[in-house]
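Okay, structure06.pdb now, which holds PDB, C-alpha atoms (C1' of nucleotides):
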ATOM      1  CA  MET A   1       3.909 -10.829  26.544
ATOM      2  CA  ALA A   2       0.346 -11.497  25.959
ATOM      3  CA  THR A   3      -0.588 -10.952  22.340
ATOM      4  CA  PRO A   4       2.061  -9.691  19.901
ATOM      5  CA  THR A   5      -0.553  -7.641  18.125
ATOM      6  CA  LEU A   6       0.797  -5.053  15.732
ATOM      7  CA  ASN A   7       0.397  -1.453  16.785
ATOM      8  CA  PRO A   8      -0.890   1.111  14.287
ATOM      9  CA  GLU A   9       0.786   3.772  16.401
ATOM     10  CA  PRO A  10       4.184   3.824  14.588
ATOM     11  CA  LEU A  11       2.388   3.763  11.286
ATOM     12  CA  LEU A  12       0.163   6.687  12.190
ATOM     13  CA  THR A  13       3.208   8.530  13.525
ATOM     14  CA  VAL A  14       5.098   8.170  10.256
ATOM     15  CA  LEU A  15       1.994   9.050   8.297
ATOM     16  CA  ALA A  16       1.750  12.309  10.244
ATOM     17  CA  GLN A  17       5.311  13.134   9.152
ATOM     18  CA  VAL A  18       4.460  13.037   5.471
ATOM     19  CA  PRO A  19       4.600  16.613   4.112
ATOM     20  CA  SER A  20       1.932  17.960   1.830
ATOM     21  CA  GLY A  21       2.652  17.730  -1.867
ATOM     22  CA  SER A  22       4.250  14.300  -1.428
ATOM     23  CA  VAL A  23       3.020  10.733  -1.318
ATOM     24  CA  ILE A  24       4.257   7.464   0.159
ATOM     25  CA  ALA A  25       3.713   3.804  -0.671
ATOM     26  CA  PHE A  26       2.183   1.285   1.728
ATOM     27  CA  GLY A  27       5.356  -0.781   1.729
ATOM     28  CA  GLU A  28       7.540   2.231   2.524
ATOM     29  CA  LEU A  29       5.160   3.316   5.227
ATOM     30  CA  ALA A  30       5.141  -0.103   6.865
ATOM     31  CA  HIS A  31       8.927  -0.310   6.537
ATOM     32  CA  MET A  32       9.474   3.041   8.254
ATOM     33  CA  ALA A  33       6.948   2.107  10.907
ATOM     34  CA  GLY A  34       9.133  -0.887  11.798
ATOM     35  CA  TYR A  35       7.170  -3.544   9.931
ATOM     36  CA  PRO A  36       9.015  -4.394   6.691
ATOM     37  CA  GLY A  37       7.076  -6.607   4.336
ATOM     38  CA  LYS A  38       3.783  -5.813   5.992
ATOM     39  CA  ALA A  39       2.531  -3.549   3.239
ATOM     40  CA  ARG A  40      -0.847  -5.255   3.356
ATOM     41  CA  TRP A  41      -1.113  -4.659   7.050
ATOM     42  CA  ALA A  42      -0.547  -0.932   6.451
ATOM     43  CA  GLY A  43      -3.480  -0.878   4.067
ATOM     44  CA  ARG A  44      -5.572  -2.667   6.652
ATOM     45  CA  VAL A  45      -4.727  -0.041   9.275
ATOM     46  CA  LEU A  46      -5.757   2.802   7.008
ATOM     47  CA  SER A  47      -8.953   0.983   6.138
ATOM     48  CA  GLN A  48      -9.853   1.034   9.828
ATOM     49  CA  LEU A  49      -9.163   4.744  10.207
ATOM     50  CA  PRO A  50     -12.204   6.873  11.042
ATOM     51  CA  GLY A  51     -13.626   9.222   8.427
ATOM     52  CA  GLY A  52     -12.914  12.256  10.612
ATOM     53  CA  THR A  53      -9.235  11.459  11.141
ATOM     54  CA  ALA A  54      -6.752  14.321  10.863
ATOM     55  CA  LEU A  55      -4.139  12.030   9.307
ATOM     56  CA  PRO A  56      -3.219  12.562   5.626
ATOM     57  CA  TRP A  57      -4.365   9.098   4.571
ATOM     58  CA  HIS A  58      -4.930  10.474   1.071
ATOM     59  CA  ARG A  59      -1.137  10.784   0.706
ATOM     60  CA  VAL A  60      -0.768   7.033   0.893
ATOM     61  CA  VAL A  61      -0.756   5.205  -2.420
ATOM     62  CA  ASN A  62       0.428   1.794  -3.573
ATOM     63  CA  ALA A  63       3.784   1.099  -5.255
ATOM     64  CA  SER A  64       2.227   1.852  -8.629
ATOM     65  CA  GLY A  65       1.039   5.278  -7.555
ATOM     66  CA  VAL A  66      -2.617   4.256  -7.734
ATOM     67  CA  LEU A  67      -5.069   5.614  -5.177
ATOM     68  CA  THR A  68      -6.203   2.209  -3.966
ATOM     69  CA  CYS A  69      -8.813   3.465  -1.566
ATOM     70  CA  PRO A  70     -12.637   3.492  -1.404
ATOM     71  CA  ARG A  71     -12.463   7.303  -1.560
ATOM     72  CA  ALA A  72     -10.000   7.633  -4.451
ATOM     73  CA  ASP A  73     -12.032  10.525  -5.834
ATOM     74  CA  VAL A  74     -11.765  12.381  -2.517
ATOM     75  CA  ALA A  75      -8.065  11.595  -2.167
ATOM     76  CA  ALA A  76      -7.377  12.779  -5.722
ATOM     77  CA  LYS A  77      -9.126  16.053  -5.065
ATOM     78  CA  ARG A  78      -7.158  16.639  -1.873
ATOM     79  CA  LEU A  79      -3.861  15.701  -3.517
ATOM     80  CA  GLU A  80      -4.383  18.071  -6.398
ATOM     81  CA  ARG A  81      -5.218  20.729  -3.819
ATOM     82  CA  GLU A  82      -1.816  20.073  -2.213
ATOM     83  CA  GLY A  83       0.023  20.352  -5.491
ATOM     84  CA  VAL A  84       0.112  16.692  -6.528
ATOM     85  CA  ARG A  85      -1.059  16.071 -10.054
ATOM     86  CA  VAL A  86      -3.439  13.132 -10.155
ATOM     87  CA  GLN A  87      -4.503  11.583 -13.428
ATOM     88  CA  ASN A  88      -7.073   8.840 -13.685
ATOM     89  CA  GLY A  89      -6.620   7.954 -10.015
ATOM     90  CA  ARG A  90      -2.870   7.700 -10.490
ATOM     91  CA  VAL A  91      -0.020   9.962  -9.372
ATOM     92  CA  ALA A  92       3.576  10.294 -10.607
ATOM     93  CA  ILE A  93       4.918   8.518  -7.543
ATOM     94  CA  ARG A  94       8.301   8.661  -9.240
ATOM     95  CA  LYS A  95       8.339  12.378  -8.563
ATOM     96  CA  TYR A  96       6.157  12.734  -5.503
ATOM     97  CA  ARG A  97       7.398   9.703  -3.551
ATOM     98  CA  TRP A  98       8.541  10.862  -0.084
ATOM     99  CA  SER A  99      11.327   9.313   1.971
ATOM    100  CA  PRO A 100      13.087  10.228   5.266
ATOM    101  CA  GLY A 101      16.378  10.718   3.393
ATOM    102  CA  LEU A 102      14.690  13.283   1.212
ATOM    103  CA  VAL A 103      13.953  15.381   4.285
ATOM    104  CA  ALA A 104      17.678  15.427   5.134
ATOM    105  CA  GLY A 105      18.323  17.005   1.745
ATOM    106  CA  ILE A 106      20.165  13.953   0.501
ATOM    107  CA  VAL A 107      19.639  13.210  -3.164
ATOM    108  CA  THR A 108      19.752   9.499  -3.858
ATOM    109  CA  GLY A 109      19.825   7.865  -7.240
ATOM    110  CA  PRO A 110      19.565   9.476 -10.690
ATOM    111  CA  GLU A 111      16.869  11.925 -11.476
ATOM    112  CA  GLN A 112      14.182  10.939 -13.924
ATOM    113  CA  GLU A 113      12.474  14.293 -14.253
TER     114      GLU A 113
ATOM    115  C1'  DG B   1      -6.319 -26.194  11.198
ATOM    116  C1'  DG B   2      -8.126 -24.718   6.560
ATOM    117  C1'  DG B   3     -10.001 -21.413   3.152
ATOM    118  C1'  DA B   4     -11.226 -16.755   1.546
ATOM    119  C1'  DT B   5     -10.398 -11.763   1.587
ATOM    120  C1'  DG B   6      -7.850  -7.261   1.308
ATOM    121  C1'  DA B   7      -6.683   0.908   0.821
ATOM    122  C1'  DC B   8       0.011  -4.429  -1.283
ATOM    123  C1'  DA B   9       4.759  -5.584  -3.829
ATOM    124  C1'  DA B  10       7.740  -7.404  -7.267
ATOM    125  C1'  DT B  11       8.354  -9.528 -11.693
ATOM    126  C1'  DT B  12       7.192 -10.582 -16.334
ATOM    127  C1'  DT B  13       4.673 -10.043 -20.622
TER     128       DT B  13
ATOM    129  C1'  DA C   1       1.747   2.712 -18.398
ATOM    130  C1'  DA C   2      -1.308  -1.490 -18.055
ATOM    131  C1'  DA C   3      -2.562  -6.336 -17.277
ATOM    132  C1'  DA C   4      -1.543 -10.859 -15.586
ATOM    133  C1'  DT C   5       0.956 -13.841 -12.182
ATOM    134  C1'  DT C   6       3.018 -15.040  -7.853
ATOM    135  C1'  DG C   7       4.334 -14.119  -3.101
ATOM    136  C1'  DC C   8       3.454 -12.126   1.478
ATOM    137  C1'  DC C   9       1.028 -11.122   5.813
ATOM    138  C1'  DA C  10      -2.926 -10.313   8.938
ATOM    139  C1'  DT C  11      -7.778 -10.962   9.737
ATOM    140  C1'  DC C  12     -12.372 -13.208   9.403
ATOM    141  C1'  DC C  13     -15.431 -17.397   8.860
TER     142       DC C  13
END
As C-alpha cells, the full file:
Amino acid sequence: MATPTLNPEPLLTVLAQVPSGSVIAFGELAHMAGYPGKARWAGRVLSQLPGGTALPWHRVVNASGVLTCPRADVAAKRLEREGVRVQNGRVAIRKYRWSPGLVAGIVTGPEQE
DNA sequence: GGGATGACAATTT
DNA sequence: AAAATTGCCATCC
C-alpha cells in the first residue's frame, strides 16, 4: 500500500458541497471528509490550494467562527456578498454553520436565534 | 529520532 | 465574546 498519504480529494469534494450563505469549521470539514480529528490537516490542505481555485475556501472558518486565513479580508468580503455577516473577521458560526443534516431539512438541537 | 511550525479544537478563566 | 492553556495531527528541518 505504498504511502498512506491523506488525500485532499474528499475534503475538496465536501467543500464543493457547501452552499453559499453558510460556513463550515475545519474540524467538521475534516470529519465529513473521513478524517475525524484532523482539523489541522484540513487547514493545511486549504493553505496549499491555488489562488485561482473555484472552491469556496472562504466559507471555511475555525470552530470560533474566525476567518483564520491569510486572505481574511478577501474572505470576509466574499462572505458578506453571499449573505453572511462578517464582523471584525468573525462570523456568527452559530447561525451560519452548515451540516449535512441541515440539507435534509432536519432540525437538530434548540435554536439560539 | 527529535524539535518547531501551522488557514485547528476543546476547556477554563 | 476574548484570551490563555492543553491536546492533536501532519509536515518540514
Would you mind listing what lies within 12 Å of DA4 in chain B as a PyMOL selection string, with only C-alpha atoms (C1' of nucleotides) counted and same-chain residues fewer than 6 positions away left out?
chain C and resi 11-13
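What separates CA of Arg40 in chain A from C1' of DC8 in chain B is a distance of 4.8 Å.
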Test item: which residues lie within 8 Å of (2.3, -2.7, -3.9) counting all atoms listed in the file, as number ranges by chain:
A: 25-27, 39, 62-64; B: 8-10
Using only C-alpha atoms (C1' of nucleotides), which residues of chain A come within 12 Å of chain C, and what is the closest atom pair for each, with the distance in Å to one decimal? Give it as CSV, sorted by chain and residue number.
residue,atom,partner,partner_atom,distance
A:Thr5,CA,C:DA10,C1',9.9
A:Leu6,CA,C:DA10,C1',9.4
A:Gly27,CA,C:DC8,C1',11.5
A:Ala30,CA,C:DC9,C1',11.8
A:Tyr35,CA,C:DC9,C1',10.6
A:Pro36,CA,C:DC9,C1',10.5
A:Gly37,CA,C:DC8,C1',7.2
A:Lys38,CA,C:DC9,C1',6.0
A:Ala39,CA,C:DC9,C1',8.1
A:Arg40,CA,C:DC9,C1',6.6
A:Trp41,CA,C:DA10,C1',6.2
A:Ala42,CA,C:DA10,C1',10.0
A:Gly43,CA,C:DA10,C1',10.6
A:Arg44,CA,C:DA10,C1',8.4
A:Val45,CA,C:DA10,C1',10.4
A:Ser64,CA,C:DA1,C1',9.8
A:Gly65,CA,C:DA1,C1',11.2
A:Val66,CA,C:DA1,C1',11.6
A:Gln87,CA,C:DA1,C1',11.9
A:Asn88,CA,C:DA1,C1',11.7
A:Arg90,CA,C:DA1,C1',10.4
A:Val91,CA,C:DA1,C1',11.7
A:Ala92,CA,C:DA1,C1',11.0
Go ahead and dump the residues you just picked, C-alpha atoms, as an mmCIF file, keeping the file's coordinate frame.
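What follows is the written file again29.cif:
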data_model
loop_
_atom_site.group_PDB
_atom_site.id
_atom_site.type_symbol
_atom_site.label_atom_id
_atom_site.label_comp_id
_atom_site.auth_asym_id
_atom_site.auth_seq_id
_atom_site.Cartn_x
_atom_site.Cartn_y
_atom_site.Cartn_z
ATOM 1 C CA THR A 5 -0.553 -7.641 18.125
ATOM 2 C CA LEU A 6 0.797 -5.053 15.732
ATOM 3 C CA GLY A 27 5.356 -0.781 1.729
ATOM 4 C CA ALA A 30 5.141 -0.103 6.865
ATOM 5 C CA TYR A 35 7.170 -3.544 9.931
ATOM 6 C CA PRO A 36 9.015 -4.394 6.691
ATOM 7 C CA GLY A 37 7.076 -6.607 4.336
ATOM 8 C CA LYS A 38 3.783 -5.813 5.992
ATOM 9 C CA ALA A 39 2.531 -3.549 3.239
ATOM 10 C CA ARG A 40 -0.847 -5.255 3.356
ATOM 11 C CA TRP A 41 -1.113 -4.659 7.050
ATOM 12 C CA ALA A 42 -0.547 -0.932 6.451
ATOM 13 C CA GLY A 43 -3.480 -0.878 4.067
ATOM 14 C CA ARG A 44 -5.572 -2.667 6.652
ATOM 15 C CA VAL A 45 -4.727 -0.041 9.275
ATOM 16 C CA SER A 64 2.227 1.852 -8.629
ATOM 17 C CA GLY A 65 1.039 5.278 -7.555
ATOM 18 C CA VAL A 66 -2.617 4.256 -7.734
ATOM 19 C CA GLN A 87 -4.503 11.583 -13.428
ATOM 20 C CA ASN A 88 -7.073 8.840 -13.685
ATOM 21 C CA ARG A 90 -2.870 7.700 -10.490
ATOM 22 C CA VAL A 91 -0.020 9.962 -9.372
ATOM 23 C CA ALA A 92 3.576 10.294 -10.607
#
Take the point (-9.6, 1.7, 2.6) as written in the file and pick out every residue within 10 Å of it, counting all atoms listed in the file; give the list as a PyMOL selection string.
(chain A and resi 43-49+57+67-72) or (chain B and resi 6-7)
Determine the axis-aligned bounding box of all atoms of range 3-10 of chain C present in the file, pad each side by 6 Å, and express its centre and edge lengths in Å to one decimal place as JSON.
{"center_x": 0.7, "center_y": -10.7, "center_z": -4.2, "size_x": 19.3, "size_y": 20.7, "size_z": 38.2}
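Between CA of Leu29 in chain A and CA of Glu80 in chain A the separation is 21.1 Å.
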Convert the output of the PyMOL selection byres ((chain A and resi 20) around 8) on the shown file into explicit residues, formatted as a compact mmCIF listing (two decimals) with C-alpha atoms, in the coordinates of the input.
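Heads up, here's the output in result_9.txt:
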# COMPACT_ATOMS: atom_id res chain seq x y z
CA VAL A 18 4.46 13.04 5.47
CA PRO A 19 4.60 16.61 4.11
CA GLY A 21 2.65 17.73 -1.87
CA SER A 22 4.25 14.30 -1.43
CA VAL A 23 3.02 10.73 -1.32
CA ARG A 59 -1.14 10.78 0.71
CA GLU A 82 -1.82 20.07 -2.21
CA GLY A 83 0.02 20.35 -5.49
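CA of Ile24 in chain A sits 6.1 Å away from CA of Val61 in chain A.
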